[in-house]
Structure formats: structure tokens, C-alpha cells
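Shown below: query31.txt, with compact mmCIF, C-alpha atoms.
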# COMPACT_ATOMS: atom_id res chain seq x y z
CA MET A 1 7.59 25.92 4.50
CA ALA A 2 11.31 25.36 5.04
CA GLU A 3 10.91 25.42 8.82
CA ASN A 4 7.76 23.29 8.98
CA ILE A 5 8.02 20.79 6.12
CA LEU A 6 9.13 18.17 8.65
CA LEU A 7 7.83 18.28 12.21
CA ARG A 8 10.08 16.87 14.93
CA ALA A 9 9.17 15.83 18.46
CA GLU A 10 10.77 13.79 21.26
CA HIS A 11 8.98 12.20 24.20
CA ASN A 12 9.97 9.38 26.53
CA GLY A 13 12.67 8.04 24.23
CA VAL A 14 10.52 8.21 21.07
CA GLY A 15 11.55 10.58 18.31
CA ARG A 16 8.67 11.41 15.96
CA LEU A 17 9.09 12.78 12.44
CA THR A 18 5.96 13.97 10.66
CA LEU A 19 6.03 14.67 6.94
CA ASN A 20 4.23 18.00 6.84
CA ASP A 21 3.58 18.95 3.24
CA PRO A 22 0.01 17.65 2.83
CA ALA A 23 -0.86 20.15 0.09
CA ARG A 24 1.66 18.32 -2.11
CA ALA A 25 0.84 14.84 -0.78
CA ASN A 26 4.00 14.88 1.40
CA VAL A 27 6.24 14.27 -1.62
CA LEU A 28 9.88 13.41 -1.06
CA SER A 29 11.16 16.65 -2.51
CA SER A 30 14.84 17.50 -2.19
CA GLU A 31 13.88 19.71 0.74
CA MET A 32 11.97 16.94 2.49
CA MET A 33 14.71 14.37 1.96
CA ALA A 34 17.34 16.78 3.25
CA ALA A 35 15.29 17.46 6.38
CA LEU A 36 14.74 13.76 7.04
CA GLY A 37 18.39 12.92 6.47
CA ALA A 38 19.66 15.73 8.69
CA THR A 39 17.34 14.83 11.56
CA LEU A 40 18.19 11.15 11.44
CA SER A 41 21.88 12.02 11.37
CA GLY A 42 21.46 14.20 14.45
CA TRP A 43 19.56 11.49 16.29
CA ARG A 44 22.03 8.66 15.60
CA GLU A 45 24.03 9.30 18.76
CA ASP A 46 21.31 11.04 20.75
CA ASP A 47 20.70 8.83 23.78
CA GLY A 48 17.39 10.59 24.33
CA VAL A 49 15.99 9.01 21.16
CA ARG A 50 15.70 5.22 21.35
CA VAL A 51 13.18 4.61 18.58
CA VAL A 52 11.93 6.75 15.69
CA VAL A 53 8.41 6.98 14.29
CA ILE A 54 7.87 8.37 10.79
CA ALA A 55 4.32 9.63 10.27
CA ALA A 56 2.61 12.11 7.96
CA ALA A 57 0.06 14.92 8.08
CA GLY A 58 -3.07 14.94 5.96
CA LYS A 59 -4.78 12.16 4.04
CA ILE A 60 -1.76 10.81 2.13
CA PHE A 61 1.32 9.34 3.77
CA CYS A 62 3.66 10.05 0.86
CA ALA A 63 3.08 10.18 -2.90
CA GLY A 64 6.73 9.57 -3.76
CA HIS A 65 9.13 11.89 -5.50
CA ASP A 66 8.28 15.43 -6.52
CA LEU A 67 7.54 14.68 -10.18
CA ALA A 68 7.72 18.34 -11.16
CA GLU A 69 11.22 18.50 -9.70
CA LEU A 70 12.20 15.40 -11.67
CA ARG A 71 10.57 16.64 -14.86
CA ASP A 72 12.22 20.04 -14.81
CA GLY A 73 15.71 18.97 -13.78
CA ASP A 74 18.54 18.15 -16.14
CA THR A 75 20.32 14.79 -16.09
CA ALA A 76 22.77 15.85 -13.39
CA ALA A 77 20.00 17.23 -11.19
CA ARG A 78 17.95 14.05 -11.56
CA ALA A 79 20.96 11.94 -10.69
CA ARG A 80 21.47 14.00 -7.53
CA ILE A 81 17.84 13.49 -6.50
CA PHE A 82 18.03 9.72 -6.83
CA ALA A 83 21.41 9.62 -5.10
CA THR A 84 19.95 11.64 -2.22
CA CYS A 85 16.93 9.35 -2.01
CA SER A 86 19.07 6.21 -2.07
CA ALA A 87 21.28 7.62 0.68
CA LEU A 88 18.18 8.47 2.75
CA MET A 89 16.69 5.00 2.40
CA MET A 90 20.00 3.39 3.36
CA ALA A 91 20.25 5.77 6.33
CA VAL A 92 16.81 4.63 7.52
CA ALA A 93 17.77 0.97 7.16
CA ALA A 94 21.15 1.51 8.83
CA PHE A 95 19.85 3.78 11.59
CA PRO A 96 21.14 2.23 14.84
CA LYS A 97 17.71 2.33 16.50
CA PRO A 98 14.41 0.87 15.31
CA VAL A 99 12.40 2.98 12.86
CA ILE A 100 8.61 2.59 12.65
CA ALA A 101 6.39 3.80 9.80
CA CYS A 102 2.95 5.03 10.91
CA VAL A 103 0.96 5.00 7.67
CA GLN A 104 -2.39 6.77 7.78
CA GLY A 105 -2.93 6.99 4.01
CA ALA A 106 -1.57 6.05 0.60
CA ALA A 107 2.15 5.30 0.30
CA VAL A 108 3.14 5.40 -3.36
CA ALA A 109 6.40 4.89 -5.28
CA ALA A 110 9.21 6.35 -3.13
CA GLY A 111 6.65 6.67 -0.33
CA CYS A 112 6.18 2.90 -0.45
CA GLN A 113 9.97 2.62 -0.60
CA LEU A 114 10.20 4.58 2.65
CA VAL A 115 7.75 2.21 4.34
CA ALA A 116 9.67 -0.81 3.06
CA SER A 117 12.93 0.67 4.39
CA CYS A 118 11.63 0.99 7.95
CA ASP A 119 12.11 -1.80 10.49
CA LEU A 120 8.43 -1.94 11.37
CA ALA A 121 5.28 -0.50 9.80
CA TYR A 122 1.66 -0.17 10.90
CA ALA A 123 -1.11 1.20 8.72
CA ALA A 124 -4.72 2.28 8.86
CA GLU A 125 -7.02 -0.24 7.23
CA ALA A 126 -7.89 2.24 4.47
CA ALA A 127 -4.25 2.89 3.55
CA LYS A 128 -3.00 1.70 0.16
CA PHE A 129 0.43 0.90 -1.19
CA ALA A 130 1.81 1.00 -4.73
CA VAL A 131 4.92 1.31 -6.83
CA SER A 132 2.87 2.56 -9.73
CA GLY A 133 5.39 4.55 -11.72
CA ILE A 134 4.98 2.16 -14.63
CA ASN A 135 1.51 3.65 -15.14
CA LEU A 136 3.26 6.91 -16.05
CA GLY A 137 5.96 5.21 -18.10
CA LEU A 138 8.51 5.50 -15.28
CA PHE A 139 9.39 2.11 -13.78
CA CYS A 140 9.92 2.30 -10.00
CA SER A 141 13.43 0.86 -10.10
CA THR A 142 14.73 2.42 -6.89
CA PRO A 143 11.59 1.65 -4.83
CA GLY A 144 12.00 -1.92 -6.08
CA VAL A 145 15.27 -2.23 -4.17
CA ALA A 146 13.63 -1.85 -0.76
CA LEU A 147 10.37 -3.49 -1.77
CA GLY A 148 12.00 -6.63 -3.16
CA ARG A 149 14.00 -7.09 0.02
CA ALA A 150 10.93 -6.55 2.19
CA ILE A 151 8.40 -8.82 0.49
CA GLY A 152 10.36 -11.03 -1.90
CA ARG A 153 11.06 -11.07 -5.61
CA LYS A 154 7.81 -12.32 -7.12
CA ALA A 155 5.47 -10.34 -4.90
CA ALA A 156 7.47 -7.17 -5.58
CA ALA A 157 7.58 -7.90 -9.31
CA GLU A 158 3.79 -8.14 -9.48
CA LEU A 159 3.38 -4.72 -7.90
CA LEU A 160 6.17 -3.17 -9.96
CA TYR A 161 5.03 -4.64 -13.29
CA THR A 162 1.30 -4.00 -12.90
CA GLY A 163 1.34 -0.70 -11.04
CA LYS A 164 -1.64 -1.88 -9.04
CA PHE A 165 -2.45 -0.77 -5.51
CA ALA A 166 -2.37 -3.17 -2.57
CA THR A 167 -4.73 -2.71 0.35
CA ALA A 168 -3.39 -2.51 3.88
CA ALA A 169 -4.61 -6.06 4.50
CA GLU A 170 -2.77 -7.25 1.39
CA ALA A 171 0.35 -5.33 2.43
CA ALA A 172 0.25 -7.06 5.82
CA ALA A 173 -0.10 -10.46 4.17
CA LEU A 174 2.90 -9.68 1.93
CA GLY A 175 5.02 -8.56 4.87
CA LEU A 176 5.31 -4.93 3.76
CA ILE A 177 3.65 -3.82 7.00
CA ASN A 178 3.28 -5.57 10.34
CA ARG A 179 -0.40 -4.93 10.80
CA ALA A 180 -3.43 -3.11 9.42
CA VAL A 181 -5.56 -1.53 12.15
CA PRO A 182 -8.64 0.70 12.34
CA ALA A 183 -7.72 4.32 11.61
CA ASP A 184 -8.75 5.48 15.06
CA ALA A 185 -6.46 2.90 16.66
CA LEU A 186 -3.36 3.55 14.55
CA GLU A 187 -1.75 6.13 16.82
CA SER A 188 -2.29 4.13 19.98
CA VAL A 189 -0.91 0.96 18.38
CA VAL A 190 2.22 2.75 17.15
CA GLN A 191 2.69 4.54 20.46
CA GLU A 192 2.42 1.25 22.34
CA ILE A 193 4.98 -0.48 20.10
CA ALA A 194 7.34 2.51 20.17
CA GLY A 195 7.05 2.81 23.94
CA THR A 196 7.75 -0.88 24.42
CA ILE A 197 10.88 -0.66 22.26
CA ALA A 198 12.06 2.56 23.91
CA ALA A 199 11.93 0.82 27.30
CA LYS A 200 14.34 -1.95 26.24
CA PRO A 201 18.11 -1.75 26.98
CA ALA A 202 19.48 0.63 24.35
CA ASP A 203 22.89 -1.03 23.95
CA ALA A 204 21.40 -4.47 23.31
CA MET A 205 18.86 -3.01 20.87
CA ARG A 206 21.56 -1.20 18.91
CA LEU A 207 23.69 -4.34 18.66
CA GLY A 208 20.70 -6.52 17.89
CA LYS A 209 19.36 -4.37 15.06
CA ALA A 210 22.76 -4.17 13.39
CA VAL A 211 23.41 -7.90 13.63
CA PHE A 212 19.90 -8.85 12.54
CA ALA A 213 20.28 -6.77 9.37
CA ARG A 214 23.74 -8.17 8.58
CA GLN A 215 22.93 -11.83 9.13
CA MET A 216 19.84 -11.69 6.91
CA ASP A 217 22.15 -11.23 3.92
CA MET A 218 24.49 -14.09 4.88
CA ASP A 219 24.46 -17.82 4.27
CA LEU A 220 23.27 -19.91 7.23
CA THR A 221 26.73 -20.77 8.56
CA ARG A 222 27.99 -17.18 8.55
CA ALA A 223 24.68 -15.95 9.93
CA TYR A 224 24.95 -18.22 12.97
CA GLN A 225 28.61 -17.32 13.47
CA THR A 226 27.79 -13.61 13.39
CA ALA A 227 24.77 -13.98 15.65
CA SER A 228 26.67 -16.15 18.13
CA ALA A 229 29.49 -13.61 18.38
CA ALA A 230 26.91 -10.90 19.02
CA MET A 231 25.32 -12.87 21.83
CA VAL A 232 28.71 -13.46 23.44
CA GLU A 233 29.34 -9.69 23.28
CA ASN A 234 25.85 -8.90 24.55
CA LEU A 235 26.35 -11.11 27.63
CA ASP A 236 28.97 -8.66 28.90
CA TYR A 237 26.53 -5.71 28.84
CA PRO A 238 25.54 -4.58 32.36
CA ALA A 239 21.83 -4.61 31.53
CA ALA A 240 22.03 -8.21 30.32
CA LEU A 241 23.94 -9.34 33.40
CA ALA A 242 21.46 -7.57 35.67
CA GLY A 243 18.50 -9.02 33.78
CA ILE A 244 19.83 -12.57 33.99
CA ASP A 245 20.65 -12.21 37.69
CA LYS A 246 17.11 -10.99 38.34
CA PHE A 247 15.65 -13.93 36.41
CA LEU A 248 17.83 -16.37 38.36
CA GLY A 249 16.87 -14.73 41.62
CA LYS A 250 20.37 -13.63 42.49
Can you dump the structure from the file as C-alpha cells?
Amino acid sequence: MAENILLRAEHNGVGRLTLNDPARANVLSSEMMAALGATLSGWREDDGVRVVVIAAAGKIFCAGHDLAELRDGDTAARARIFATCSALMMAVAAFPKPVIACVQGAAVAAGCQLVASCDLAYAAEAAKFAVSGINLGLFCSTPGVALGRAIGRKAAAELLYTGKFATAAEAAALGLINRAVPADALESVVQEIAGTIAAKPADAMRLGKAVFARQMDMDLTRAYQTASAAMVENLDYPAALAGIDKFLGK
């Protein structure tokens, strides 16, 4: 299992990570989180990877943490698990290239957190989303960090407090995913989006993602100052100069 728990592939600028532990609902075990973190770290400066897709094998996208691992660990071990998960989610958000979730089935608790941490997400119409730990007496506090930032305070609170599942259509309306599509179209939709992004100038995309994330947490004045400085910088990039010259017919 150690070699195959996470499948990795690269093609035409798209790096694909497939959670491959379907017998355990692709849980974010310590092993799975370590594999995800290590691969993302290796791809940060890999010019051959311009966009990353996170998908999953089997019927369930990700059922969250390995509850047996949490149940059996002592306080220190549990703290390490949540620290590892938090670091992974921040690594996804801070990854210098766009990250897309391809959700074919249920994304629950930390699995929903992973979807919320990605830049973009597309799901099969039958997929469902929940932060349902409260149903087991374990409030999904860490998933709430990413979820609240993705869909807003009140919408996240309703899911966190009730433990109810949201359909893919509801998740799209909330802004947790970009779009719900027929299951047989999911792969082609994600491949099209990933391919489109991979074809864009890599330096501008890296700058743009970083600035977009930073300015979203700023007040309006600072946001415009930060974004303006980024555009001034971006105008010196060769791809931008070439693109503008082509548009102007020079």
C-alpha cells in the first residue's frame, strides 16, 4: 500500500494526484497526508507541472481523517495528526500553481476541507459534501477553517452545526465547488479546465495566484495597492510584453 496509496501522473503540464485507498474510503491517514505533502513539495518548483488535479479512486472522494488512527493515538499523536493536516491544507492553498479538486463521490470532514482548500473544484452531480463530525460528537473545527473561508460564516456554520450533507448542486450554489456536472462528463470537464490553465504563461499565473490569495484578506485600499504593484511587475514579463504586442499588431 505504501507505494500505491497515492497515484502520481504528469501529462502536458498537468500533475494528477489520485487518492488510492478506496477500501478505506480514501481517508487522510498519516501515510496519505505525508504522500500528498511530499509530492506537492516536489512539484512546487517543477516547471513541468503547471496545474495540479487532486482526484480519487473508488466511489468516495475522501471520508476525512482515519478515525481509528485518531481513536487509538495518545494526545501527542493526535496533535501531530492535526498539525500535519493543517500544514497540508495550507500547502495546498499556498501551492504556487492552481490546484483543482475532481470530486467523483462524497467528500466528508477533512475530505471536504481538502476540497475547500483547492483553488477550483468540480464534482459529479451525485457527489455529496459534509462536515459531519458533530454527528459523532467530534466538531469539525479544522475543516471549518477552510470551509468558512470558502463559503462564508453562516453557510459554513449551518453545515458544521447540523452535520447535514449538501448535494453537489447545493455545494455549487454555496461556492464550495465551481460546478456540478454529470458523472460521465467530470473527467473531460476537469481535463479541459486543467489544460486551459496549463497553457497560460506560468510566471504570470504564479504571481497572479499569490497576489489573488493575499489581497482577499486585505482591506480594499491595501488590496488595490497590492494588485496594482503586481500588475506593474507583470508588465515586465516577456510573455506579457509579447502578448500585448501581438494584440496591438506590432
### Task
Would you kindly return, as a list in words, each protein, DNA or RNA residue with an atom no farther than 10 Å from any atom of Glu45 in chain A, considering only C-alpha atoms and excluding same-chain residues fewer than 3 positions away?
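Counting only the stated atoms, we get Leu40, Ser41, Gly42, Gly48, Val49, Arg50, Phe95, Pro96 and Lys97 of chain A.
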Would you tabulate, counting only C-alpha atoms, all residues of range 96-210 of chain A that have an atom at most 12 Å from an atom of range 30-34 of chain A, showing the closest pair of atoms and their distance in Å to one decimal, sorted by chain then ascending number, as a tab-separated table?
residue	atom	partner	partner_atom	distance
A:Ala110	CA	A:Met33	CA	11.0
A:Gly111	CA	A:Met33	CA	11.4
A:Leu114	CA	A:Met33	CA	10.8
Would you mind listing what lies within 12 Å of Arg80 in chain A as a JSON list (two decimals) with C-alpha atoms, keeping the file's coordinate frame, with all atoms listed in the file counted and same-chain residues fewer than 3 positions away left out?
[["chain", "number", "residue", "atom", "x", "y", "z"],
["A", 29, "SER", "CA", 11.16, 16.65, -2.51],
["A", 30, "SER", "CA", 14.84, 17.50, -2.19],
["A", 33, "MET", "CA", 14.71, 14.37, 1.96],
["A", 34, "ALA", "CA", 17.34, 16.78, 3.25],
["A", 69, "GLU", "CA", 11.22, 18.50, -9.70],
["A", 70, "LEU", "CA", 12.20, 15.40, -11.67],
["A", 73, "GLY", "CA", 15.71, 18.97, -13.78],
["A", 74, "ASP", "CA", 18.54, 18.15, -16.14],
["A", 75, "THR", "CA", 20.32, 14.79, -16.09],
["A", 76, "ALA", "CA", 22.77, 15.85, -13.39],
["A", 77, "ALA", "CA", 20.00, 17.23, -11.19],
["A", 83, "ALA", "CA", 21.41, 9.62, -5.10],
["A", 84, "THR", "CA", 19.95, 11.64, -2.22],
["A", 85, "CYS", "CA", 16.93, 9.35, -2.01],
["A", 86, "SER", "CA", 19.07, 6.21, -2.07],
["A", 87, "ALA", "CA", 21.28, 7.62, 0.68]]
### Task
Mind giving me the straight-line distance from CA of Ala166 in chain A to CA of Arg16 in chain A in Å, one decimal?
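For CA of Ala166 in chain A relative to CA of Arg16 in chain A, the distance reads 26.0 Å.
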### Message
Applying 10 Å and all atoms listed in the file, which residues near Gly13 in chain A remain after dropping the ones on its own chain fewer than 4 positions away? List them as a PyMOL selection string.
### Response
chain A and resi 46-52+194-195+197-199
### Message
Show me, as a PyMOL selection string, the residues that have an atom within 12 Å of Glu233 in chain A when counting all atoms listed in the file, minus same-chain residues fewer than 6 positions from it.
### Response
chain A and resi 203-204+207-208+211+226-227+240-241
Listed atoms of range 77-89 of chain A boxed along x, y and z, 5 Å each side, centre and edge lengths in Å, one decimal, as lines of an AutoDock Vina configuration file:
center_x = 19.1
center_y = 11.1
center_z = -4.4
size_x = 14.8
size_y = 22.2
size_z = 24.3
### Message
Nearest residue to Gly152 in chain A out of A:Val92, A:Leu174, A:Val190, A:Ala202, using only C-alpha atoms?
### Response
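So, comparing all the options, the nearest one is A:Leu174.
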### One-decimal distance in Å that lies between CA of Val232 in chain A and CA of Leu220 in chain A
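These atoms are spaced 18.3 Å apart.
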### Ref. answer, residues at most 7 Å from (15.7, -5.6, 28.5) with only C-alpha atoms, as a PyMOL selection string
chain A and resi 200-201+239+243
### Task
Rank nothing, just name the residue among A:Asn12, A:Asn234, A:Asn178, A:Thr167 nearest to Asp119 in chain A, using only C-alpha atoms.
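Looking only at the distances to Asp119 in chain A, the closest residue turns out to be A:Asn178.
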#### Entry: Selected residue, from A:Ala93, A:Leu67, A:Val181, A:Ala213, that lies nearest to Leu138 in chain A when counting all atoms listed in the file
A:Leu67
### Task
Between A:Tyr224, A:Trp43, A:Tyr161, A:Phe61, single out the one closest to Cys112 in chain A, counting all atoms listed in the file.
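When distances to Cys112 in chain A are compared using all atoms listed in the file, the smallest one comes from A:Phe61.
Selecting by distance to (1.8, 17.5, 4.4) with a limit of 10 Å and using all atoms listed in the file, one obtains Asn4, Ile5, Leu6, Leu7, Thr18, Leu19, Asn20, Asp21, Pro22, Ala23, Arg24, Ala25, Asn26, Val27, Ala56, Ala57, Gly58, Lys59, Ile60, Phe61 and Cys62 of chain A.
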### Message
For a test of reading the model, state the distance in Å between CA of Gly144 in chain A and CA of Phe165 in chain A, rounded to one decimal.
### Response
14.5 Å
